[in-house]
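S.K.: Mind having a look at this structure? Questions to follow.
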Amino acid sequence: MSELTLFVLRFGFLLLLWVFIFAIVYALRSDLFGQRVKRMPDSVAAPFPAGQAPTAPAAKPSGKSTIATVSNAKRLVITSGAKEGLEIELTAEPLTIGRSAESGLVIRDDYTSTHHARLLLWGEEWAIQDLDSTNGTFLDEARVTVPTPVPLNTRVRIGTTSFELRR
């Protein structure tokens, strides 16, 4: 092999190693600090995709009734997880849920995204909206893919934390 070919191969290999190192550092940085998320003003961000109304998940037979109206919910009660027993008074403002310090309900566990979900008042009902989280949001063990009304005393699970809306 000529010296020029050997030099080009060495240089290419060195360049490939540096690209690999930068990729690892970038992945570690985004894991530790999260990715930057552009925040849209609430007046611009529509809670539901255009033309879609909130839909309830498929009903499963259970011992408790979900016929109760959800407009009477005044508080969110955490039933399991690190903050078990915590109660949050609900207002007409949307409540964001996630690991971010900017969230209204901060849940710090490995299964919760930085901006995981949003609980919002839609008309007369409270609805849960998954914000494209990695591990999903579950309403009574059904994964939420579209904004979905949350009946009173129905379990909502985000990561290892569960909560219910109560009067």
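In the structure tokens, chains take letters A, B, ... by order of appearance, with residues numbered from 1 within each chain and ligands from 1 in the order shown.
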Please list as a ChimeraX atom specification every residue within 10 Å of range 97-111 of chain A, counting only C-alpha atoms and excluding residues in the same chain fewer than 3 positions away.

M.R.: /A:33-34,81-83,88,94,114-119,130-131,133-136,158-161

S.K.: Write the selection just made, keeping N, CA and C atoms, as a PDB file, in the first residue's frame?

M.R.:
ATOM      1  N   PHE A  33     -30.318  15.573  30.532  1.00  0.00           N
ATOM      2  CA  PHE A  33     -30.959  16.881  30.621  1.00  0.00           C
ATOM      3  C   PHE A  33     -32.246  16.983  29.826  1.00  0.00           C
ATOM      4  N   GLY A  34     -32.592  16.000  29.025  1.00  0.00           N
ATOM      5  CA  GLY A  34     -33.800  16.057  28.203  1.00  0.00           C
ATOM      6  C   GLY A  34     -33.570  16.918  26.984  1.00  0.00           C
ATOM      7  N   GLY A  81     -47.609   5.587  44.005  1.00  0.00           N
ATOM      8  CA  GLY A  81     -46.395   6.202  43.482  1.00  0.00           C
ATOM      9  C   GLY A  81     -45.662   6.951  44.571  1.00  0.00           C
ATOM     10  N   ALA A  82     -44.630   7.680  44.166  1.00  0.00           N
ATOM     11  CA  ALA A  82     -43.779   8.386  45.130  1.00  0.00           C
ATOM     12  C   ALA A  82     -44.533   9.477  45.896  1.00  0.00           C
ATOM     13  N   LYS A  83     -45.534  10.069  45.286  1.00  0.00           N
ATOM     14  CA  LYS A  83     -46.271  11.160  45.937  1.00  0.00           C
ATOM     15  C   LYS A  83     -47.651  10.716  46.400  1.00  0.00           C
ATOM     16  N   ILE A  88     -54.271  17.714  44.746  1.00  0.00           N
ATOM     17  CA  ILE A  88     -54.092  18.977  44.030  1.00  0.00           C
ATOM     18  C   ILE A  88     -55.471  19.520  43.684  1.00  0.00           C
ATOM     19  N   PRO A  94     -55.240  24.265  32.405  1.00  0.00           N
ATOM     20  CA  PRO A  94     -54.705  22.926  32.147  1.00  0.00           C
ATOM     21  C   PRO A  94     -53.576  22.595  33.129  1.00  0.00           C
ATOM     22  N   THR A 114     -40.468  14.066  29.898  1.00  0.00           N
ATOM     23  CA  THR A 114     -40.302  15.438  30.378  1.00  0.00           C
ATOM     24  C   THR A 114     -41.633  16.184  30.350  1.00  0.00           C
ATOM     25  N   HIS A 115     -42.333  16.124  29.245  1.00  0.00           N
ATOM     26  CA  HIS A 115     -43.689  16.674  29.106  1.00  0.00           C
ATOM     27  C   HIS A 115     -44.562  15.498  28.713  1.00  0.00           C
ATOM     28  N   HIS A 116     -45.146  14.830  29.697  1.00  0.00           N
ATOM     29  CA  HIS A 116     -45.795  13.539  29.477  1.00  0.00           C
ATOM     30  C   HIS A 116     -47.263  13.669  29.065  1.00  0.00           C
ATOM     31  N   ALA A 117     -48.039  14.412  29.841  1.00  0.00           N
ATOM     32  CA  ALA A 117     -49.480  14.483  29.587  1.00  0.00           C
ATOM     33  C   ALA A 117     -50.023  15.823  30.063  1.00  0.00           C
ATOM     34  N   ARG A 118     -51.260  16.081  29.671  1.00  0.00           N
ATOM     35  CA  ARG A 118     -51.931  17.317  30.083  1.00  0.00           C
ATOM     36  C   ARG A 118     -53.360  16.964  30.489  1.00  0.00           C
ATOM     37  N   LEU A 119     -53.782  17.461  31.643  1.00  0.00           N
ATOM     38  CA  LEU A 119     -55.156  17.308  32.113  1.00  0.00           C
ATOM     39  C   LEU A 119     -55.821  18.659  31.916  1.00  0.00           C
ATOM     40  N   ASP A 130     -52.324  12.718  26.073  1.00  0.00           N
ATOM     41  CA  ASP A 130     -50.947  12.253  26.076  1.00  0.00           C
ATOM     42  C   ASP A 130     -50.145  13.148  25.141  1.00  0.00           C
ATOM     43  N   LEU A 131     -49.000  13.626  25.582  1.00  0.00           N
ATOM     44  CA  LEU A 131     -48.176  14.542  24.786  1.00  0.00           C
ATOM     45  C   LEU A 131     -47.045  13.783  24.091  1.00  0.00           C
ATOM     46  N   SER A 133     -45.775  10.834  24.705  1.00  0.00           N
ATOM     47  CA  SER A 133     -44.825  10.289  25.661  1.00  0.00           C
ATOM     48  C   SER A 133     -44.305   8.941  25.177  1.00  0.00           C
ATOM     49  N   THR A 134     -43.160   8.553  25.689  1.00  0.00           N
ATOM     50  CA  THR A 134     -42.542   7.291  25.289  1.00  0.00           C
ATOM     51  C   THR A 134     -43.298   6.094  25.848  1.00  0.00           C
ATOM     52  N   ASN A 135     -43.638   6.123  27.123  1.00  0.00           N
ATOM     53  CA  ASN A 135     -44.239   4.966  27.778  1.00  0.00           C
ATOM     54  C   ASN A 135     -45.756   5.030  27.883  1.00  0.00           C
ATOM     55  N   GLY A 136     -46.366   6.111  27.436  1.00  0.00           N
ATOM     56  CA  GLY A 136     -47.818   6.185  27.370  1.00  0.00           C
ATOM     57  C   GLY A 136     -48.503   6.627  28.638  1.00  0.00           C
ATOM     58  N   ILE A 158     -49.569   7.181  34.944  1.00  0.00           N
ATOM     59  CA  ILE A 158     -48.462   7.788  34.208  1.00  0.00           C
ATOM     60  C   ILE A 158     -47.188   7.304  34.880  1.00  0.00           C
ATOM     61  N   GLY A 159     -46.409   6.503  34.165  1.00  0.00           N
ATOM     62  CA  GLY A 159     -45.206   5.925  34.767  1.00  0.00           C
ATOM     63  C   GLY A 159     -45.597   5.027  35.912  1.00  0.00           C
ATOM     64  N   THR A 160     -45.006   5.242  37.073  1.00  0.00           N
ATOM     65  CA  THR A 160     -45.332   4.429  38.256  1.00  0.00           C
ATOM     66  C   THR A 160     -46.334   5.126  39.168  1.00  0.00           C
ATOM     67  N   THR A 161     -46.874   6.260  38.726  1.00  0.00           N
ATOM     68  CA  THR A 161     -47.813   7.037  39.536  1.00  0.00           C
ATOM     69  C   THR A 161     -49.226   6.891  38.996  1.00  0.00           C
TER      70      THR A 161
END

S.K.: Could you please write out, as a PyMOL selection string, every residue of range 67-124 of chain A that DSSP assigns to strand (DSSP E)?

M.R.: chain A and resi 75-80+87-89+95-98+105-106+117-122

S.K.: Just how far from CA of Thr112 in chain A is CA of Leu152 in chain A, in Å to one decimal?

M.R.: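 The value is 23.1 Å.
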
S.K.: What is the distance between CA of Val144 in chain A and CA of Trp122 in chain A, in Å to one decimal?

M.R.: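 So the two atoms, CA of Val144 in chain A and CA of Trp122 in chain A, lie 15.9 Å apart.
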
S.K.: Could you list, as number ranges by chain, every residue within 7 Å of Asn153 in chain A, counting only C-alpha atoms and ignoring same-chain residues fewer than 2 positions away?

M.R.: A: 151, 155, 164-166

S.K.: Using only all heavy atoms, please write the residues we just selected to a file, as an mmCIF file, in the first residue's frame.

M.R.:
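Output below, filename selection.cif:
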data_model
loop_
_atom_site.group_PDB
_atom_site.id
_atom_site.type_symbol
_atom_site.label_atom_id
_atom_site.label_comp_id
_atom_site.auth_asym_id
_atom_site.auth_seq_id
_atom_site.Cartn_x
_atom_site.Cartn_y
_atom_site.Cartn_z
ATOM 1 N N PRO A 151 -63.590 10.097 33.739
ATOM 2 C CA PRO A 151 -64.689 10.036 34.713
ATOM 3 C C PRO A 151 -64.153 10.116 36.146
ATOM 4 O O PRO A 151 -62.989 9.831 36.400
ATOM 5 C CB PRO A 151 -65.332 8.671 34.450
ATOM 6 C CG PRO A 151 -64.856 8.256 33.100
ATOM 7 C CD PRO A 151 -63.499 8.888 32.935
ATOM 8 N N ARG A 155 -58.998 5.388 37.505
ATOM 9 C CA ARG A 155 -57.538 5.406 37.650
ATOM 10 C C ARG A 155 -56.860 5.860 36.366
ATOM 11 O O ARG A 155 -57.129 5.351 35.287
ATOM 12 C CB ARG A 155 -57.064 4.008 38.025
ATOM 13 C CG ARG A 155 -55.595 3.886 38.232
ATOM 14 C CD ARG A 155 -55.268 2.476 38.709
ATOM 15 N NE ARG A 155 -53.829 2.319 38.696
ATOM 16 C CZ ARG A 155 -53.201 1.319 38.126
ATOM 17 N NH1 ARG A 155 -53.877 0.363 37.539
ATOM 18 N NH2 ARG A 155 -51.901 1.253 38.160
ATOM 19 N N GLU A 164 -56.524 9.780 40.568
ATOM 20 C CA GLU A 164 -57.942 9.815 40.245
ATOM 21 C C GLU A 164 -58.458 11.231 40.421
ATOM 22 O O GLU A 164 -57.906 12.006 41.195
ATOM 23 C CB GLU A 164 -58.732 8.886 41.186
ATOM 24 C CG GLU A 164 -58.377 7.438 41.074
ATOM 25 C CD GLU A 164 -59.127 6.574 42.088
ATOM 26 O OE1 GLU A 164 -59.877 7.124 42.932
ATOM 27 O OE2 GLU A 164 -58.945 5.362 42.044
ATOM 28 N N LEU A 165 -59.538 11.544 39.708
ATOM 29 C CA LEU A 165 -60.237 12.815 39.911
ATOM 30 C C LEU A 165 -61.370 12.557 40.889
ATOM 31 O O LEU A 165 -62.097 11.584 40.756
ATOM 32 C CB LEU A 165 -60.801 13.338 38.582
ATOM 33 C CG LEU A 165 -59.784 13.664 37.510
ATOM 34 C CD1 LEU A 165 -60.494 14.221 36.278
ATOM 35 C CD2 LEU A 165 -58.756 14.644 38.000
ATOM 36 N N ARG A 166 -61.490 13.441 41.859
ATOM 37 C CA ARG A 166 -62.523 13.290 42.881
ATOM 38 C C ARG A 166 -63.201 14.627 43.147
ATOM 39 O O ARG A 166 -62.722 15.664 42.785
ATOM 40 C CB ARG A 166 -61.922 12.737 44.175
ATOM 41 C CG ARG A 166 -61.341 11.348 43.985
ATOM 42 C CD ARG A 166 -60.918 10.755 45.275
ATOM 43 N NE ARG A 166 -60.341 9.429 45.052
ATOM 44 C CZ ARG A 166 -59.575 8.815 45.915
ATOM 45 N NH1 ARG A 166 -59.289 9.382 47.069
ATOM 46 N NH2 ARG A 166 -59.095 7.628 45.637
#
